[in-house]
Structures are given as structure tokens and as C-alpha cells.
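Notes follow the structure.
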Amino acid sequence: MPALPEDKTFQLWISVSGNFMPLETFHASEKMEYYSFRMPDLPKGYDVSFIVTEEPMGGSKTPGKKGLSYGNM
């Protein structure tokens with residue numbers, strides 16, 4: 001992950017059929033670390049994806065436009 005200014009943070013989101021929910025905010029470091037988060041109960045049969053965005057410190061209520069990493073489940 002790229003280095004961020006001190007006033008920014010990474011935020012992990014889950015999208016269930018296009019509806020985004022924030023899961024966790026975190027900061028990258030030079031050493032390898034693992035970040036834990038709680039997964040909400042997910043309904044079966046829906047499209048589920050993940051995105052990591054750059055957000056203001058403290059996080060955001062909706063994902064910003066700067067997506068850095070994407071994944072599907």
C-alpha cells in the first residue's frame with residue numbers, strides 16, 4: 001500500500017449488491033501486519049465485493065473516489 005499523509009487513512013469496505021458498509025480503518029506500516037475486522041452476516045445469493053479506499057483520518061460514511069485495492073467473494 002502507498003504511504004499516506006498523516007491526515008489520511010485506509011478504509012476497508014464491503015459491498016453487498018452495490019450497498020457499501022465500512023468494516024475497518026487502518027494505517028499501513030513498513031513491516032508486515034494483519035488487520036482484523038468483523039464480517040457482518042451476509043445474505044446468500046448476493047454479489048459481495050471488497051474495496052480499500054483512501055479516506056480522511058477517522059474514516060468516512062461512504063467510499064471516496066480513490067480506490068486502491070478491490071476483491072470479490
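Chain identifiers are assigned as A, B, and so on, following the order in which chains appear in the C-alpha cells; residues are numbered from 1 within each chain, and ligands are numbered from 1 in order of appearance.
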*Selection near Gly71 of chain A, 8 Å with only C-alpha atoms, sequence-local residues under 5 positions removed, as a ChimeraX atom specification*: /A:49-51
Could you turn the residues from that selection into a file that holds N, CA and C atoms, as a CSV table (one decimal), in the first residue's frame?
```csv
chain,number,residue,atom,x,y,z
A,49,SER,N,-18.4,-7.8,-2.7
A,49,SER,CA,-17.1,-7.3,-3.1
A,49,SER,C,-16.5,-6.5,-2.0
A,50,PHE,N,-15.2,-6.3,-2.1
A,50,PHE,CA,-14.4,-5.5,-1.1
A,50,PHE,C,-13.7,-4.4,-1.8
A,51,ILE,N,-13.4,-3.3,-1.1
A,51,ILE,CA,-12.6,-2.2,-1.7
A,51,ILE,C,-11.9,-1.6,-0.5
```
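Omitting Thr53 of chain A and its sequence neighbours fewer than 2 positions away, and counting only C-alpha atoms, the residues within 10 Å are A:Thr9, A:Phe10, A:Gln11, A:Leu12, A:Trp13, A:Thr25, A:Phe50, A:Ile51, A:Glu55, A:Pro56, A:Gly59, A:Ser60, A:Pro63, A:Gly64, A:Lys65, A:Lys66, A:Gly67, A:Leu68, A:Ser69, A:Tyr70.
As for atom CA of Leu23 of chain A and atom CA of Met39 of chain A, they are spaced 7.4 Å apart.
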*Just list the residues in chain A DSSP gives strand (DSSP E or B) on the backbone, as a VMD selection string.*
chain A and resid 8 to 16 19 to 26 48 to 56 67 to 72
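Every protein or nucleic acid residue with an atom no more than 10 Å from Tyr35 of chain A, counting only C-alpha atoms and leaving out same-chain residues fewer than 6 positions away, appears here: Glu24, Thr25, Phe26, His27 and Ala28 of chain A.
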Save the residues we just selected, C-alpha atoms, as an mmCIF file, in the first residue's frame?
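Result file follows (result14.cif):
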```cif
data_model
loop_
_atom_site.group_PDB
_atom_site.id
_atom_site.type_symbol
_atom_site.label_atom_id
_atom_site.label_comp_id
_atom_site.auth_asym_id
_atom_site.auth_seq_id
_atom_site.Cartn_x
_atom_site.Cartn_y
_atom_site.Cartn_z
ATOM 1 C CA GLU A 24 -12.368 -1.003 9.411
ATOM 2 C CA THR A 25 -9.842 1.820 9.092
ATOM 3 C CA PHE A 26 -6.099 1.140 9.260
ATOM 4 C CA HIS A 27 -2.641 2.546 8.524
ATOM 5 C CA ALA A 28 -0.019 0.704 6.512
#
```
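Minimum atom-to-atom distances from A:Val48, A:Phe20, A:Thr62, A:Glu54 to Ala3 of chain A were compared using only C-alpha atoms, and the lowest value belongs to A:Glu54.
Closest to Gly58 of chain A among A:Pro22, A:Pro2, A:Ser15, A:Arg38 is A:Pro22, based on only C-alpha atoms.
Atom to atom, atom CA of Leu4 of chain A and atom CA of Pro40 of chain A stand 27.7 Å apart.
Note that the spacing between atom CA of Val16 of chain A and atom CA of Gly45 of chain A amounts to 9.9 Å.
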